[in-house]
>>> print(open('final-v9.csv').read())   # CSV, C-alpha atoms and all ligand atoms
chain,number,residue,atom,x,y,z
A,28,MET,CA,-48.5,-1.5,11.7
A,29,LYS,CA,-45.4,-1.2,9.5
A,30,LYS,CA,-42.2,-1.8,11.3
A,31,ARG,CA,-39.5,0.9,11.0
A,32,ALA,CA,-36.2,-0.2,9.7
A,33,PRO,CA,-33.5,0.0,12.4
A,34,SER,CA,-31.5,3.2,12.0
A,35,TYR,CA,-28.0,2.7,10.7
A,36,GLU,CA,-27.1,6.4,11.0
A,37,THR,CA,-24.7,6.5,13.9
A,38,GLN,CA,-22.0,8.9,14.7
A,39,GLU,CA,-19.6,5.9,14.8
A,40,LEU,CA,-20.5,4.8,11.3
A,41,ARG,CA,-20.1,8.3,9.9
A,42,GLU,CA,-16.7,8.6,11.5
A,43,PHE,CA,-15.7,5.2,10.2
A,44,ALA,CA,-16.8,6.2,6.6
A,45,GLU,CA,-14.8,9.4,7.1
A,46,VAL,CA,-11.6,7.4,7.8
A,47,LEU,CA,-12.2,5.2,4.7
A,48,ARG,CA,-13.1,8.2,2.4
A,49,GLY,CA,-10.5,10.6,3.8
A,50,ARG,CA,-7.4,8.4,3.3
A,51,ARG,CA,-5.2,9.9,0.6
A,52,THR,CA,-2.0,8.8,-1.1
A,53,ILE,CA,0.7,10.8,0.6
A,54,GLU,CA,3.8,12.0,-1.3
A,55,LEU,CA,5.5,14.2,1.3
A,56,PHE,CA,6.2,13.0,4.8
A,57,LEU,CA,7.5,14.5,8.0
A,58,GLN,CA,10.6,12.9,9.4
A,59,THR,CA,8.9,12.0,12.7
A,60,PRO,CA,9.4,8.2,13.1
A,61,VAL,CA,6.3,6.0,13.2
A,62,PRO,CA,6.2,3.8,16.3
A,63,GLY,CA,7.2,0.2,15.5
A,64,GLU,CA,4.3,-1.1,17.7
A,65,LEU,CA,1.8,0.8,15.5
A,66,VAL,CA,3.3,-0.7,12.4
A,67,ASP,CA,3.1,-4.2,13.8
A,68,GLU,CA,-0.6,-3.6,14.8
A,69,ALA,CA,-1.4,-2.3,11.3
A,70,ILE,CA,0.2,-5.4,9.8
A,71,GLU,CA,-1.9,-7.6,12.1
A,72,THR,CA,-5.0,-5.7,10.9
A,73,ALA,CA,-3.8,-6.4,7.3
A,74,THR,CA,-3.8,-10.1,8.0
A,75,TRP,CA,-7.5,-10.0,8.8
A,76,ALA,CA,-8.3,-9.2,5.2
A,77,PRO,CA,-10.7,-11.7,3.5
A,78,ASN,CA,-8.8,-14.4,1.6
A,79,HIS,CA,-10.5,-17.2,-0.3
A,80,HIS,CA,-9.8,-20.7,1.2
A,81,VAL,CA,-7.9,-18.8,3.9
A,82,THR,CA,-4.7,-19.1,1.9
A,83,GLU,CA,-3.1,-16.2,3.8
A,84,PRO,CA,-1.0,-15.5,0.7
A,85,TRP,CA,0.7,-12.3,2.0
A,86,ARG,CA,4.1,-11.7,3.5
A,87,PHE,CA,5.2,-8.4,5.0
A,88,ILE,CA,8.8,-7.3,4.7
A,89,LEU,CA,10.2,-4.5,6.8
A,90,PRO,CA,13.6,-3.4,5.5
A,91,GLY,CA,16.0,-2.1,8.0
A,92,ASP,CA,18.4,0.9,7.4
A,93,GLU,CA,21.0,-1.3,5.6
A,94,SER,CA,18.4,-2.8,3.2
A,95,VAL,CA,16.8,0.7,2.6
A,96,GLN,CA,20.2,2.0,1.6
A,97,ARG,CA,20.6,-0.9,-0.9
A,98,ILE,CA,17.2,-0.2,-2.3
A,99,LEU,CA,18.1,3.5,-2.7
A,100,ASP,CA,21.3,2.6,-4.5
A,101,LEU,CA,19.4,0.3,-6.8
A,102,CYS,CA,16.8,3.0,-7.5
A,103,ARG,CA,19.6,5.3,-8.5
A,104,ARG,CA,21.2,2.7,-10.7
A,105,ILE,CA,17.9,1.9,-12.5
A,106,VAL,CA,17.0,5.5,-13.1
A,107,LYS,CA,20.6,6.3,-14.3
A,108,GLU,CA,20.3,3.4,-16.8
A,109,LYS,CA,17.1,4.9,-18.2
A,110,LYS,CA,17.1,8.6,-17.6
A,111,GLY,CA,20.6,9.7,-16.8
A,112,ALA,CA,22.7,10.6,-13.7
A,113,GLU,CA,20.9,13.9,-12.7
A,114,ARG,CA,17.4,12.3,-12.6
A,115,ALA,CA,18.9,9.4,-10.8
A,116,GLU,CA,20.4,11.6,-8.0
A,117,HIS,CA,17.1,13.5,-7.7
A,118,LYS,CA,15.1,10.3,-7.4
A,119,ARG,CA,17.4,8.8,-4.8
A,120,ASP,CA,17.2,11.9,-2.7
A,121,SER,CA,13.4,12.0,-2.9
A,122,TRP,CA,13.2,8.3,-1.9
A,123,SER,CA,15.6,8.8,1.0
A,124,GLN,CA,13.0,11.1,2.5
A,125,LYS,CA,10.5,8.3,2.9
A,126,PRO,CA,10.4,7.5,6.7
A,127,GLY,CA,8.7,4.1,6.6
A,128,TRP,CA,9.1,1.2,4.3
A,129,LEU,CA,7.0,-2.0,3.9
A,130,ILE,CA,7.1,-4.5,1.0
A,131,VAL,CA,4.0,-6.7,0.6
A,132,THR,CA,4.4,-9.9,-1.4
A,133,CYS,CA,2.0,-12.5,-2.7
A,134,GLN,CA,2.8,-16.2,-2.8
A,135,ARG,CA,2.7,-17.7,-6.3
A,136,SER,CA,0.2,-20.3,-7.3
A,137,ASP,CA,0.0,-22.5,-10.5
A,138,ASP,CA,-3.7,-22.1,-10.4
A,139,GLU,CA,-4.8,-19.0,-12.4
A,140,LEU,CA,-8.0,-18.4,-10.4
A,141,ARG,CA,-6.3,-18.9,-7.1
A,142,GLN,CA,-3.5,-16.5,-8.1
A,143,LYS,CA,-6.1,-13.9,-9.0
A,144,GLU,CA,-7.9,-14.3,-5.7
A,145,ASP,CA,-4.7,-14.3,-3.7
A,146,TYR,CA,-3.6,-11.1,-5.4
A,147,ALA,CA,-7.1,-9.6,-4.5
A,148,ALA,CA,-6.7,-10.7,-0.9
A,149,CYS,CA,-3.2,-9.1,-0.7
A,150,SER,CA,-4.6,-5.9,-2.1
A,151,VAL,CA,-7.2,-5.9,0.6
A,152,ALA,CA,-4.5,-6.5,3.2
A,153,VAL,CA,-2.6,-3.5,1.9
A,154,GLN,CA,-5.7,-1.4,2.2
A,155,ASN,CA,-6.3,-2.6,5.8
A,156,PHE,CA,-2.7,-1.7,6.6
A,157,MET,CA,-3.0,1.8,5.1
A,158,LEU,CA,-6.4,2.5,6.8
A,159,HIS,CA,-5.2,1.3,10.2
A,160,LEU,CA,-2.3,3.8,9.9
A,161,TRP,CA,-4.5,6.5,8.5
A,162,LYS,CA,-6.8,6.3,11.6
A,163,ALA,CA,-3.6,6.8,13.7
A,164,GLY,CA,-2.7,9.9,11.7
A,165,VAL,CA,-0.1,8.2,9.5
A,166,GLY,CA,-0.3,8.4,5.7
A,167,SER,CA,1.1,6.1,3.1
A,168,LYS,CA,1.7,5.6,-0.6
A,169,TRP,CA,1.4,2.3,-2.4
A,170,THR,CA,3.9,2.0,-5.3
A,171,THR,CA,4.4,-0.6,-8.0
A,172,GLY,CA,7.2,1.1,-10.0
A,173,ASP,CA,9.7,-0.8,-12.2
A,174,ILE,CA,12.0,-1.5,-9.3
A,175,THR,CA,9.4,-3.7,-7.6
A,176,ARG,CA,9.7,-6.1,-10.6
A,177,ASP,CA,13.5,-6.0,-10.8
A,178,PRO,CA,15.4,-9.2,-10.0
A,179,ARG,CA,18.0,-7.1,-8.1
A,180,PHE,CA,15.2,-5.8,-5.8
A,181,MET,CA,14.0,-9.3,-5.2
A,182,GLU,CA,17.5,-10.2,-4.2
A,183,ILE,CA,17.7,-7.3,-1.7
A,184,ILE,CA,14.4,-8.2,-0.1
A,185,GLY,CA,15.3,-11.9,0.0
A,186,VAL,CA,12.4,-13.2,-2.0
A,187,ASP,CA,12.7,-16.0,-4.6
A,188,GLU,CA,10.8,-14.9,-7.7
A,189,SER,CA,9.5,-18.4,-8.2
A,190,ASP,CA,7.9,-18.3,-4.8
A,191,ALA,CA,6.3,-14.9,-4.7
A,192,PHE,CA,5.9,-11.5,-6.4
A,193,VAL,CA,5.7,-7.9,-5.0
A,194,VAL,CA,2.2,-6.5,-4.6
A,195,GLY,CA,3.5,-3.2,-3.5
A,196,LEU,CA,6.2,-1.1,-1.9
A,197,ILE,CA,4.4,0.9,0.7
A,198,TRP,CA,5.9,4.1,2.1
A,199,PHE,CA,4.4,5.4,5.3
A,200,GLY,CA,4.9,8.3,7.7
A,201,TYR,CA,3.2,11.4,9.2
A,202,PRO,CA,1.9,13.5,6.2
A,203,LYS,CA,3.5,16.8,5.5
A,204,LEU,CA,0.7,17.6,3.0
A,205,THR,CA,-2.6,15.8,2.4
A,206,PRO,CA,-3.7,16.3,-1.2
A,207,SER,CA,-7.4,16.4,-2.3
A,208,GLN,CA,-9.0,14.0,-4.7
A,209,SER,CA,-12.3,13.6,-6.4
A,210,ARG,CA,-14.3,10.6,-7.4
A,211,LYS,CA,-17.1,9.9,-9.9
A,212,GLY,CA,-20.6,10.1,-8.5
A,213,LEU,CA,-22.7,7.0,-7.9
A,214,ALA,CA,-24.7,7.6,-11.0
A,215,ASP,CA,-21.6,6.9,-13.1
A,216,VAL,CA,-20.6,3.7,-11.3
A,217,VAL,CA,-23.7,2.0,-10.0
A,218,PHE,CA,-26.1,0.0,-12.2
A,219,ARG,CA,-29.3,-1.1,-10.6
A,220,LEU,CA,-31.0,-4.1,-12.2
A,221,PRO,CA,-34.7,-5.0,-11.9
B,301,LIG,C1,-2.1,-1.4,-7.2
B,301,LIG,C2,-1.7,0.1,-7.0
B,301,LIG,C3,-0.5,0.5,-7.5
B,301,LIG,C4,-0.1,1.9,-7.4
B,301,LIG,N1,1.1,2.3,-7.8
B,301,LIG,C5,1.4,3.6,-7.8
B,301,LIG,C6,2.7,4.0,-8.3
B,301,LIG,O1,3.5,3.2,-8.8
B,301,LIG,N2,3.0,5.3,-8.3
B,301,LIG,C7,2.1,6.2,-7.8
B,301,LIG,O2,2.3,7.4,-7.9
B,301,LIG,N3,0.9,5.8,-7.3
B,301,LIG,C8,0.6,4.5,-7.3
B,301,LIG,N4,-0.6,4.1,-6.7
B,301,LIG,C9,-1.5,5.1,-6.0
B,301,LIG,C10,-2.6,5.7,-6.8
B,301,LIG,O3,-2.0,6.5,-7.8
B,301,LIG,C11,-3.6,6.4,-5.9
B,301,LIG,O4,-4.2,5.5,-5.1
B,301,LIG,C12,-4.6,7.2,-6.8
B,301,LIG,O5,-4.0,8.3,-7.4
B,301,LIG,C13,-5.8,7.6,-6.0
B,301,LIG,O6,-5.4,8.5,-4.9
B,301,LIG,P1,-5.8,8.2,-3.4
B,301,LIG,O7,-5.0,7.0,-3.0
B,301,LIG,O8,-5.4,9.4,-2.7
B,301,LIG,O9,-7.3,8.0,-3.4
B,301,LIG,C14,-1.0,2.8,-6.8
B,301,LIG,C15,-2.2,2.3,-6.3
B,301,LIG,C16,-2.6,1.0,-6.4
B,301,LIG,C17,-3.9,0.5,-5.8
>>> encode(input="final-v9.csv", output="structure tokens")
Amino acid sequence: MKKRAPSYETQELREFAEVLRGRRTIELFLQTPVPGELVDEAIETATWAPNHHVTEPWRFILPGDESVQRILDLCRRIVKEKKGAERAEHKRDSWSQKPGWLIVTCQRSDDELRQKEDYAACSVAVQNFMLHLWKAGVGSKWTTGDITRDPRFMEIIGVDESDAFVVGLIWFGYPKLTPSQSRKGLADVVFRLP
């Protein structure tokens, strides 16, 4: 008699997939503060990301109010240099509405393959962080704008550019609005070989 494959269809699995698929990049946040313990737990979840040779290449920087103000001022200065004073004020205002700030960095390596793999590991860590928060009702946005490569930003976050680089500036908070998204179907992205 043929043995039946064990059923993988469980409510728990469906709910888990729902969390993974339902996470969206959030632009607009409520001003409700996110509990610090939740953020710490999400960072701990981030550190459980796979990382080749267990290099643990990530660092997590939580800027306080003073540092956020310095980042906002730098944002205004950078936009003013490129796009003028009006756009700069607008951008500073919109950034000042972001309730939670996290900067994730990756340690530098002279070995090209290791650097690639470490960056991949840091990206997975960011995703773990965002998904942990998402399950708790907290949204986030991963950004890699010009500012994250500016030496003045590195100075504010206290990172020596020869030691590490920024993987992302992550804003987080309770979503004001959750946008919808679409994805290609499996037929467009899966290639089954004989
Ligand atoms: C490495 C990385 C960098 C990103 N940088 C930016 C960014 O600078 N600005 C931005 O608007 N979105 C940025 N995003 C977010 C993507 O635009 C977003 O994930 C994409 O639109 C898909 O939307 P979803 O996250 O809701 O699925 C970044 C995402 C990743 C993975």
>>> residues_around(input="final-v9.csv", residues="region 79-95 of chain A", least_positions_apart="5", cutoff="7 Å", atoms="only C-alpha atoms", output="PyMOL selection string")
chain A and resi 128-134+144-145+149+183
>>> residues_around(input="final-v9.csv", residues="Lys203 (chain A)", least_positions_apart="6", cutoff="10 Å", atoms="only C-alpha atoms", output="ChimeraX atom specification")
/A:53-58,166
>>> residues_near_ligand(input="final-v9.csv", ligand="ligand LIG 301 (chain B)", cutoff="7 Å", atoms="only C-alpha atoms and all ligand atoms", output="ChimeraX atom specification")
/A:50-52,168-172,195,208
>>> atom_distance(input="final-v9.csv", atom1="CA of Arg103 (chain A)", atom2="CA of Thr175 (chain A)")
13.6 Å
>>> atom_distance(input="final-v9.csv", atom1="CA of Ile98 (chain A)", atom2="CA of His117 (chain A)")
14.7 Å
>>> atom_distance(input="final-v9.csv", atom1="CA of Glu116 (chain A)", atom2="CA of Glu188 (chain A)")
28.2 Å
>>> residues_around(input="final-v9.csv", residues="Val153 (chain A)", least_positions_apart="2", cutoff="9 Å", atoms="all atoms listed in the file", output="count of residues only")
16
>>> closest_residue(input="final-v9.csv", among="A:Glu139, A:Val217, A:Val61, A:Arg114", to="Ser167 (chain A)", atoms="all atoms listed in the file")
A:Val61
>>> closest_residue(input="final-v9.csv", among="A:Ala214, A:Leu65, A:Ala147, A:Ala112", to="Lys162 (chain A)", atoms="all atoms listed in the file")
A:Leu65
>>> closest_residue(input="final-v9.csv", among="A:Glu113, A:Asp120, A:Glu108, A:Glu39", to="Gln96 (chain A)", atoms="only C-alpha atoms")
A:Asp120
>>> closest_residue(input="final-v9.csv", among="A:Trp161, A:Ala152, A:Leu213, A:Arg219", to="Arg48 (chain A)", atoms="only C-alpha atoms")
A:Trp161
>>> closest_residue(input="final-v9.csv", among="A:Ile105, A:Pro202, A:Ser207, A:Pro33", to="Leu160 (chain A)", atoms="only C-alpha atoms")
A:Pro202
